[in-house]
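K.L.:
Pasting input14.txt here (compact mmCIF, C-alpha atoms):
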```txt
# COMPACT_ATOMS: atom_id res chain seq x y z
CA MET F 1102 -35.31 -86.71 17.87
CA ALA F 1103 -38.52 -85.55 16.27
CA THR F 1104 -39.64 -87.10 12.99
CA ILE F 1105 -39.87 -84.47 10.24
CA TYR F 1106 -41.22 -84.97 6.73
CA TYR F 1107 -40.42 -82.90 3.65
CA ASP F 1108 -41.59 -82.57 0.04
CA LYS F 1109 -39.82 -85.77 -0.97
CA ASP F 1110 -41.82 -87.71 1.62
CA ALA F 1111 -45.24 -86.54 0.43
CA ASP F 1112 -47.25 -87.60 -2.62
CA LEU F 1113 -49.26 -84.62 -3.87
CA SER F 1114 -51.39 -86.82 -6.11
CA LEU F 1115 -53.18 -88.26 -3.06
CA ILE F 1116 -54.85 -84.97 -2.18
CA GLN F 1117 -55.23 -84.04 -5.84
CA SER F 1118 -57.46 -87.10 -6.24
CA LYS F 1119 -59.80 -85.89 -3.46
CA LYS F 1120 -62.53 -83.28 -3.19
CA VAL F 1121 -61.54 -81.01 -0.29
CA ALA F 1122 -63.94 -78.82 1.68
CA ILE F 1123 -62.43 -76.00 3.68
CA ILE F 1124 -64.89 -75.04 6.41
CA GLY F 1125 -64.32 -71.37 7.16
CA TYR F 1126 -62.58 -68.64 5.17
CA GLY F 1127 -60.66 -66.70 7.79
CA SER F 1128 -56.91 -66.38 8.27
CA GLN F 1129 -56.08 -70.07 7.88
CA GLY F 1130 -59.09 -70.94 5.71
CA HIS F 1131 -58.26 -68.59 2.86
CA ALA F 1132 -54.60 -69.66 2.86
CA HIS F 1133 -55.33 -73.39 2.82
CA ALA F 1134 -57.97 -73.03 0.12
CA LEU F 1135 -55.93 -70.85 -2.22
CA ASN F 1136 -52.74 -72.88 -1.77
CA LEU F 1137 -54.58 -76.13 -2.44
CA LYS F 1138 -56.28 -74.63 -5.49
CA ASP F 1139 -52.89 -73.52 -6.84
CA SER F 1140 -51.62 -77.06 -6.20
CA GLY F 1141 -54.28 -78.53 -8.48
CA VAL F 1142 -56.69 -79.69 -5.79
CA ASN F 1143 -60.49 -79.59 -6.23
CA VAL F 1144 -61.51 -77.23 -3.41
CA ALA F 1145 -64.79 -75.82 -2.15
CA ILE F 1146 -65.47 -73.46 0.75
CA GLY F 1147 -68.14 -74.31 3.33
CA LEU F 1148 -69.73 -71.25 4.93
CA ALA F 1149 -72.85 -70.46 6.93
CA ASP F 1150 -75.68 -68.78 5.07
CA GLY F 1151 -75.12 -65.03 4.93
CA SER F 1152 -71.40 -65.23 5.70
CA LYS F 1153 -69.52 -62.04 4.85
CA SER F 1154 -66.62 -64.19 3.64
CA ALA F 1155 -68.60 -65.69 0.76
CA ALA F 1156 -68.00 -62.73 -1.56
CA LYS F 1157 -64.25 -62.81 -0.85
CA ALA F 1158 -64.04 -66.52 -1.58
CA ARG F 1159 -65.98 -66.22 -4.82
CA ALA F 1160 -63.83 -63.25 -5.87
CA ALA F 1161 -60.78 -65.51 -5.41
CA GLY F 1162 -62.28 -68.00 -7.84
CA LEU F 1163 -63.43 -70.52 -5.24
CA ASP F 1164 -66.66 -72.49 -5.18
CA VAL F 1165 -68.77 -71.59 -2.14
CA LYS F 1166 -71.32 -73.96 -0.61
CA THR F 1167 -73.21 -74.19 2.64
CA VAL F 1168 -71.36 -76.20 5.28
CA ALA F 1169 -73.77 -79.13 4.86
CA GLU F 1170 -73.41 -79.06 1.08
CA ALA F 1171 -69.63 -78.93 1.34
CA ALA F 1172 -69.53 -81.81 3.83
CA THR F 1173 -71.77 -83.91 1.60
CA TRP F 1174 -69.69 -83.17 -1.50
CA ALA F 1175 -66.22 -83.59 -0.01
CA ASP F 1176 -63.93 -86.55 0.57
CA VAL F 1177 -61.77 -84.48 2.93
CA ILE F 1178 -63.25 -81.92 5.34
CA MET F 1179 -60.87 -79.46 6.98
CA ILE F 1180 -62.44 -77.53 9.87
CA LEU F 1181 -60.94 -74.05 10.14
CA VAL F 1182 -63.42 -72.17 12.32
CA PRO F 1183 -62.92 -71.05 15.95
CA ASP F 1184 -62.65 -73.80 18.56
CA THR F 1185 -65.82 -72.69 20.32
CA THR F 1186 -67.83 -72.48 17.08
CA ALA F 1187 -66.78 -75.84 15.67
CA PRO F 1188 -68.74 -78.31 17.89
CA LYS F 1189 -72.21 -76.93 17.06
CA LEU F 1190 -71.30 -76.55 13.40
CA TYR F 1191 -70.00 -80.12 13.36
CA ARG F 1192 -73.10 -81.58 15.02
CA GLU F 1193 -75.58 -79.75 12.83
CA SER F 1194 -73.93 -79.55 9.41
CA ILE F 1195 -70.98 -81.94 9.17
CA ALA F 1196 -71.66 -85.07 11.23
CA PRO F 1197 -74.81 -86.07 9.28
CA HIS F 1198 -72.72 -86.16 6.08
CA LEU F 1199 -69.49 -87.66 7.49
CA THR F 1200 -69.85 -91.07 5.89
CA ALA F 1201 -67.45 -93.99 6.05
CA GLY F 1202 -64.17 -93.49 4.22
CA LYS F 1203 -64.09 -89.71 4.49
CA THR F 1204 -61.39 -87.72 6.27
CA LEU F 1205 -61.95 -85.11 8.97
CA MET F 1206 -59.05 -82.69 9.41
CA PHE F 1207 -58.12 -79.94 11.84
CA ALA F 1208 -55.39 -77.29 12.19
CA HIS F 1209 -55.65 -77.39 15.99
CA GLY F 1210 -56.40 -80.32 18.27
CA PHE F 1211 -58.64 -78.58 20.84
CA ASN F 1212 -61.99 -80.17 19.97
CA ILE F 1213 -60.62 -83.69 19.59
CA ARG F 1214 -58.43 -83.45 22.69
CA TYR F 1215 -61.30 -82.27 24.91
CA GLY F 1216 -64.01 -84.41 23.33
CA THR F 1217 -66.26 -81.60 22.09
CA ILE F 1218 -66.18 -83.32 18.69
CA THR F 1219 -66.33 -87.13 18.51
CA PRO F 1220 -66.00 -88.44 14.95
CA PRO F 1221 -67.32 -91.88 13.94
CA ARG F 1222 -64.79 -94.72 13.96
CA ASP F 1223 -64.93 -95.30 10.19
CA VAL F 1224 -63.32 -92.00 9.14
CA ASP F 1225 -59.72 -90.78 9.25
CA VAL F 1226 -59.04 -87.96 11.70
CA SER F 1227 -55.83 -86.00 11.12
CA MET F 1228 -54.24 -82.61 11.59
CA ILE F 1229 -51.99 -80.26 9.67
CA ALA F 1230 -51.18 -77.25 11.84
CA PRO F 1231 -49.03 -74.56 10.19
CA LYS F 1232 -46.87 -72.73 12.72
CA SER F 1233 -47.69 -69.36 11.25
CA PRO F 1234 -50.67 -67.03 10.74
CA GLY F 1235 -52.65 -67.78 7.60
CA HIS F 1236 -51.56 -64.72 5.68
CA ARG F 1237 -47.95 -65.84 6.07
CA VAL F 1238 -48.83 -69.38 4.96
CA ARG F 1239 -50.19 -67.84 1.77
CA GLU F 1240 -47.38 -65.31 1.25
CA LEU F 1241 -44.58 -67.83 1.57
CA PHE F 1242 -46.36 -70.32 -0.69
CA VAL F 1243 -46.70 -67.69 -3.43
CA GLU F 1244 -43.01 -66.84 -3.00
CA GLY F 1245 -42.09 -70.51 -3.48
CA GLY F 1246 -41.42 -71.25 0.17
CA GLY F 1247 -43.47 -72.60 3.04
CA THR F 1248 -44.05 -72.48 6.77
CA PRO F 1249 -43.25 -75.39 9.11
CA ALA F 1250 -46.23 -77.38 10.36
CA LEU F 1251 -47.21 -80.15 12.72
CA VAL F 1252 -48.91 -83.35 11.56
CA ALA F 1253 -50.90 -85.75 13.71
CA VAL F 1254 -53.20 -88.71 13.17
CA GLU F 1255 -55.83 -89.38 15.79
CA GLN F 1256 -57.73 -92.04 13.89
CA ASP F 1257 -56.46 -94.12 10.96
CA ALA F 1258 -59.51 -95.93 9.62
CA SER F 1259 -58.12 -96.17 6.09
CA GLY F 1260 -54.57 -97.17 6.98
CA ASN F 1261 -53.42 -94.24 4.85
CA ALA F 1262 -54.22 -91.26 7.08
CA LEU F 1263 -50.64 -90.06 7.57
CA ALA F 1264 -49.78 -90.23 3.88
CA GLN F 1265 -52.90 -88.26 2.99
CA ALA F 1266 -52.23 -85.67 5.70
CA LEU F 1267 -48.70 -85.19 4.39
CA SER F 1268 -50.12 -84.84 0.88
CA TYR F 1269 -52.43 -82.11 2.18
CA GLY F 1270 -49.42 -80.49 3.86
CA LYS F 1271 -47.59 -80.53 0.54
CA GLY F 1272 -50.61 -78.96 -1.12
CA ILE F 1273 -50.46 -75.95 1.18
CA GLY F 1274 -46.65 -75.74 1.05
CA THR F 1275 -45.70 -76.83 4.55
CA THR F 1276 -43.57 -79.81 3.52
CA ARG F 1277 -41.28 -77.31 1.79
CA ALA F 1278 -40.21 -76.18 5.26
CA GLY F 1279 -40.79 -79.42 7.17
CA VAL F 1280 -43.71 -81.11 8.91
CA LEU F 1281 -43.04 -82.45 12.40
CA VAL F 1282 -44.94 -85.46 13.74
CA THR F 1283 -46.89 -84.94 16.95
CA THR F 1284 -50.19 -85.98 18.52
CA PHE F 1285 -53.47 -84.13 18.99
CA THR F 1286 -52.84 -84.10 22.73
CA GLU F 1287 -49.29 -82.76 22.51
CA GLU F 1288 -50.19 -80.09 19.95
CA THR F 1289 -53.18 -78.88 21.96
CA GLU F 1290 -51.55 -78.80 25.36
CA THR F 1291 -48.30 -77.19 24.23
CA ASP F 1292 -50.13 -74.67 22.04
CA LEU F 1293 -52.41 -73.53 24.86
CA PHE F 1294 -49.55 -73.42 27.35
CA GLY F 1295 -47.34 -71.41 24.99
CA GLU F 1296 -50.12 -68.88 24.38
CA GLN F 1297 -50.94 -68.46 28.04
CA ALA F 1298 -47.57 -68.62 29.76
CA VAL F 1299 -45.29 -67.01 27.17
CA LEU F 1300 -46.49 -65.77 23.79
CA CYS F 1301 -49.66 -63.89 24.75
CA GLY F 1302 -50.38 -63.94 28.47
CA GLY F 1303 -46.79 -63.86 29.70
CA VAL F 1304 -45.50 -61.27 27.25
CA SER F 1305 -48.55 -59.01 27.58
CA GLU F 1306 -48.35 -58.88 31.37
CA LEU F 1307 -44.59 -58.39 31.30
CA VAL F 1308 -44.96 -55.44 28.92
CA LYS F 1309 -47.76 -53.89 30.95
CA ALA F 1310 -45.94 -54.36 34.25
CA GLY F 1311 -42.70 -52.88 32.93
CA PHE F 1312 -44.49 -49.93 31.34
CA GLN F 1313 -46.51 -49.17 34.47
CA THR F 1314 -43.46 -49.46 36.73
CA LEU F 1315 -41.65 -46.77 34.76
CA VAL F 1316 -44.70 -44.49 34.48
CA ASP F 1317 -45.46 -44.79 38.20
CA ALA F 1318 -41.82 -43.88 38.91
CA GLY F 1319 -42.29 -40.60 37.02
CA TYR F 1320 -40.83 -41.42 33.61
CA GLN F 1321 -42.52 -40.23 30.43
CA PRO F 1322 -45.08 -42.73 29.11
CA GLU F 1323 -43.69 -42.30 25.59
CA VAL F 1324 -40.21 -43.32 26.69
CA ALA F 1325 -41.61 -46.21 28.71
CA TYR F 1326 -43.52 -47.40 25.63
CA PHE F 1327 -40.38 -47.46 23.50
CA GLU F 1328 -38.37 -49.32 26.14
CA CYS F 1329 -40.97 -51.90 27.15
CA LEU F 1330 -42.99 -52.56 23.98
CA HIS F 1331 -41.60 -51.02 20.79
CA GLU F 1332 -38.10 -52.48 21.15
CA LEU F 1333 -39.49 -55.93 21.96
CA LYS F 1334 -39.67 -56.66 18.23
CA LEU F 1335 -35.94 -56.09 17.87
CA ILE F 1336 -35.20 -58.68 20.53
CA VAL F 1337 -37.74 -61.21 19.27
CA ASP F 1338 -36.43 -60.90 15.72
CA LEU F 1339 -32.94 -61.76 16.94
CA MET F 1340 -34.25 -64.78 18.86
CA TYR F 1341 -36.25 -65.86 15.82
CA ARG F 1342 -33.16 -65.88 13.64
CA GLY F 1343 -30.64 -67.44 16.01
CA GLY F 1344 -32.15 -68.29 19.37
CA LEU F 1345 -31.19 -66.80 22.72
CA ASN F 1346 -27.49 -67.10 21.90
CA TYR F 1347 -27.77 -64.87 18.84
CA MET F 1348 -29.84 -62.32 20.73
CA ARG F 1349 -27.24 -62.18 23.49
CA TYR F 1350 -24.44 -62.00 20.93
CA SER F 1351 -26.14 -59.03 19.27
CA VAL F 1352 -26.99 -56.87 22.27
CA SER F 1353 -24.51 -54.99 24.44
CA ASP F 1354 -22.60 -56.69 27.23
CA THR F 1355 -24.53 -54.51 29.66
CA ALA F 1356 -27.84 -55.83 28.30
CA GLU F 1357 -26.55 -59.39 28.37
CA TYR F 1358 -25.39 -59.03 31.99
CA GLY F 1359 -28.82 -57.63 32.91
CA ASP F 1360 -30.42 -60.58 31.13
CA TYR F 1361 -28.58 -63.09 33.31
CA THR F 1362 -28.94 -61.23 36.60
CA ALA F 1363 -32.42 -59.67 36.40
CA GLY F 1364 -34.32 -62.26 34.34
CA PRO F 1365 -34.48 -64.90 37.10
CA ARG F 1366 -35.65 -62.22 39.55
CA VAL F 1367 -38.61 -61.26 37.35
CA ILE F 1368 -39.45 -64.82 36.29
CA GLY F 1369 -38.64 -66.53 39.58
CA GLN F 1370 -39.91 -69.57 41.42
CA GLU F 1371 -43.38 -68.07 41.95
CA SER F 1372 -43.81 -67.58 38.20
CA ARG F 1373 -42.51 -71.06 37.43
CA ALA F 1374 -44.89 -72.58 39.98
CA GLU F 1375 -47.79 -70.74 38.37
CA MET F 1376 -46.74 -72.05 34.96
CA LEU F 1377 -47.02 -75.59 36.33
CA LYS F 1378 -50.53 -74.79 37.57
CA LEU F 1379 -51.48 -73.43 34.14
CA LEU F 1380 -50.17 -76.57 32.49
CA ALA F 1381 -52.10 -78.78 34.92
CA GLU F 1382 -55.33 -76.90 34.16
CA ILE F 1383 -54.73 -77.43 30.44
CA GLN F 1384 -53.95 -81.11 30.91
CA ASP F 1385 -56.95 -81.92 33.10
CA GLY F 1386 -59.41 -79.93 30.97
CA THR F 1387 -60.14 -77.20 33.51
CA PHE F 1388 -59.17 -74.42 31.12
CA ALA F 1389 -61.14 -75.91 28.22
CA LYS F 1390 -64.30 -76.28 30.31
CA ARG F 1391 -63.97 -72.72 31.59
CA TRP F 1392 -63.49 -71.30 28.07
CA VAL F 1393 -66.34 -73.33 26.58
CA LYS F 1394 -68.70 -72.23 29.37
CA GLU F 1395 -67.63 -68.59 28.95
CA ASN F 1396 -68.73 -68.78 25.33
CA GLU F 1397 -71.94 -70.67 26.09
CA ASP F 1398 -72.85 -67.95 28.59
CA GLY F 1399 -72.30 -65.16 26.04
CA ARG F 1400 -68.80 -64.13 27.15
CA PRO F 1401 -69.84 -62.14 30.26
CA TRP F 1402 -66.24 -61.80 31.51
CA PHE F 1403 -64.31 -61.89 28.24
CA GLY F 1404 -66.20 -59.07 26.53
CA PRO F 1405 -65.85 -56.40 29.25
CA HIS F 1406 -62.26 -57.45 29.98
CA ARG F 1407 -61.31 -57.09 26.31
CA ALA F 1408 -62.87 -53.59 26.26
CA ALA F 1409 -60.99 -52.55 29.41
CA GLU F 1410 -57.66 -53.74 28.00
CA GLN F 1411 -58.20 -51.68 24.84
CA THR F 1412 -58.53 -48.42 26.76
CA GLN F 1413 -55.48 -48.59 29.03
CA ILE F 1414 -52.86 -45.82 28.83
CA LEU F 1415 -50.29 -48.12 27.21
CA GLU F 1416 -52.58 -48.54 24.20
CA ASP F 1417 -53.37 -44.83 23.96
CA VAL F 1418 -49.69 -43.86 24.06
CA GLY F 1419 -48.79 -46.59 21.61
CA SER F 1420 -51.48 -45.58 19.13
CA ARG F 1421 -50.22 -41.98 19.07
CA LEU F 1422 -46.58 -43.02 18.65
CA ARG F 1423 -47.29 -45.62 15.96
CA ALA F 1424 -49.14 -42.99 13.96
CA LEU F 1425 -45.82 -41.11 13.74
CA MET F 1426 -44.10 -44.20 12.31
CA PRO F 1427 -45.81 -45.08 9.00
CA PHE F 1428 -42.88 -47.35 8.12
CA ILE F 1429 -44.14 -49.93 10.65
CA GLN F 1430 -47.53 -50.02 8.87
CA PRO F 1431 -49.54 -49.32 12.04
CA VAL F 1432 -53.00 -50.79 12.49
CA THR F 1433 -55.79 -50.17 14.96
CA VAL F 1434 -58.33 -52.51 16.52
CA ARG F 1435 -62.00 -51.59 16.70
CA PRO F 1436 -63.95 -51.85 19.98
CA ASP F 1437 -65.51 -55.09 18.73
CA GLY F 1438 -62.05 -56.64 18.68
CA GLN F 1439 -61.73 -56.71 14.89
CA GLY F 1440 -58.78 -55.25 12.99
CA ALA F 1441 -59.39 -51.98 11.20
```
Do you think you could lay out the structure here as structure tokens?
P.N.:
Amino acid sequence: MATIYYDKDADLSLIQSKKVAIIGYGSQGHAHALNLKDSGVNVAIGLADGSKSAAKARAAGLDVKTVAEAATWADVIMILVPDTTAPKLYRESIAPHLTAGKTLMFAHGFNIRYGTITPPRDVDVSMIAPKSPGHRVRELFVEGGGTPALVAVEQDASGNALAQALSYGKGIGTTRAGVLVTTFTEETETDLFGEQAVLCGGVSELVKAGFQTLVDAGYQPEVAYFECLHELKLIVDLMYRGGLNYMRYSVSDTAEYGDYTAGPRVIGQESRAEMLKLLAEIQDGTFAKRWVKENEDGRPWFGPHRAAEQTQILEDVGSRLRALMPFIQPVTVRPDGQGA
């Protein structure tokens, strides 16, 4: 059984006695910073010169410093910038100021797992990884709740790294829901696999394939959209609340029978074999090296592929239909990949 810690297991005063630098002010960064501030923690935001996020952070009542200034000032440094941005930022602005006794924290294990960041031996290295987007971390905290999280300690120079990480978790509200003990390796490999095989890659391709199959067979694209994408939320919400059993309990017997008979035909042995290959590439570092090089080269494949995906018929049909449903609070994505 997994080890899970809750509020009663964490001492908030540990993180309250530290100066905490949040590096980055995106989805997770703003949530961590504001939750810690509300928990009585001395927080500063570390941002690159000219960052567009600086005004937002200052408007929220937070102290904004350069990354180097924040790293110098802080006892605890939480890195919340993209995986591919972090190594250069670390080398240039954090490492020179990461003196003995400080703590380096992450919300994802990628850079530690694949060695793109190598901290000195005299600092604690730990992780608190909320299992939710940042805006939800903030919303639930304000409501008095919290999101579950993972905690890991890669390096315990002080002998107190886990206790301090749990204190940080309490400061952002995650111990209210439960913090599960893991390792940097397990968190990284399972997170990447889940994204690729199921949550993003698997679901996206399944939706596209189902939609295109119906359209190619002569069915209206609008109907295909509803059946293969729009109603997916209904099913996922049922799973979220009560697992596969509750979903199957809630749908019709016809749908449940189709689940059992057709599911293994769509996700058969070929798909399962490919999942094992994906996992192997994550475990041996092949995926990480490929993604790091893609970014170093200026994203020559990623950029055009993203643009092509945004212009497919599924997205055009969906955009028109969502505009007719204001109750779902539809959003659009700009060509640069940013939300509008």
K.L.:
Would you list the contacts of Leu1205 of chain F as a PyMOL selection string, taking every protein, DNA or RNA residue within 12 Å and counting only C-alpha atoms, but skipping same-chain residues closer than 3 positions in sequence?
P.N.:
chain F and resi 1121-1124+1172+1175-1181+1191+1195-1196+1198-1202+1208+1210+1213+1218-1229+1254-1258+1262+1265-1266
K.L.:
Restricting the calculation to all atoms listed in the file, which member of F:Val1282, F:Met1102, F:Met1376, F:Phe1428 is positioned closest to Gly1302 of chain F?
P.N.:
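The shortest atom-to-atom distance to Gly1302 of chain F comes from F:Met1376.
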K.L.:
Taking only C-alpha atoms into account, which of F:Val1393, F:Glu1240, F:Pro1431, F:Leu1415 comes nearest Val1316 of chain F?
P.N.:
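Smallest distance to Val1316 of chain F is found for F:Leu1415.
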K.L.:
So that I can check the surroundings of Gly1419 of chain F, please list as a short mmCIF file (atom, residue, chain, number, x, y, z; two decimals) with C-alpha atoms, in the frame of the given file every protein, DNA and RNA residue that reaches within 10 Å of it, counting all atoms listed in the file and ignoring chain neighbours fewer than 6 positions away.
P.N.:
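Dumped to result-v2.cif:
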```
data_model
loop_
_atom_site.label_atom_id
_atom_site.label_comp_id
_atom_site.auth_asym_id
_atom_site.auth_seq_id
_atom_site.Cartn_x
_atom_site.Cartn_y
_atom_site.Cartn_z
CA PRO F 1322 -45.08 -42.73 29.11
CA GLU F 1323 -43.69 -42.30 25.59
CA TYR F 1326 -43.52 -47.40 25.63
CA PHE F 1327 -40.38 -47.46 23.50
CA LEU F 1330 -42.99 -52.56 23.98
CA HIS F 1331 -41.60 -51.02 20.79
CA PRO F 1431 -49.54 -49.32 12.04
#
```
K.L.:
Tell me which of F:Gly1364, F:Gly1279, F:Gly1399, F:Gly1295 sits closest to Tyr1107 of chain F, counting all atoms listed in the file.
P.N.:
F:Gly1279
K.L.:
Starting from 3 Å padding per side, set up an axis-aligned box that covers all listed atoms of segment 1262-1265 of chain F and hand over centre and edge lengths in Å, one decimal, as JSON.
P.N.:
```
{"center_x": -52.0, "center_y": -89.8, "center_z": 5.3, "size_x": 10.4, "size_y": 9.0, "size_z": 10.6}
```
K.L.:
Check the smallest atom-to-atom distance from each of F:Phe1294, F:Ala1363, F:Gln1321, F:Ser1353 to Ile1383 of chain F using only C-alpha atoms, then report the winner.
P.N.:
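Result for the nearest residue to Ile1383 of chain F: F:Phe1294.
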K.L.:
Please indicate the distance in Å from atom CA of Thr1276 of chain F to atom CA of Phe1207 of chain F, rounded to one decimal place.
P.N.:
16.8 Å
K.L.:
Looking at F:Pro1405, F:Gly1311, F:Gly1303, F:Lys1120, which one is nearest to Thr1173 of chain F, with distances taken over all atoms listed in the file?
P.N.:
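Closest residue, counting all atoms listed in the file: F:Lys1120.
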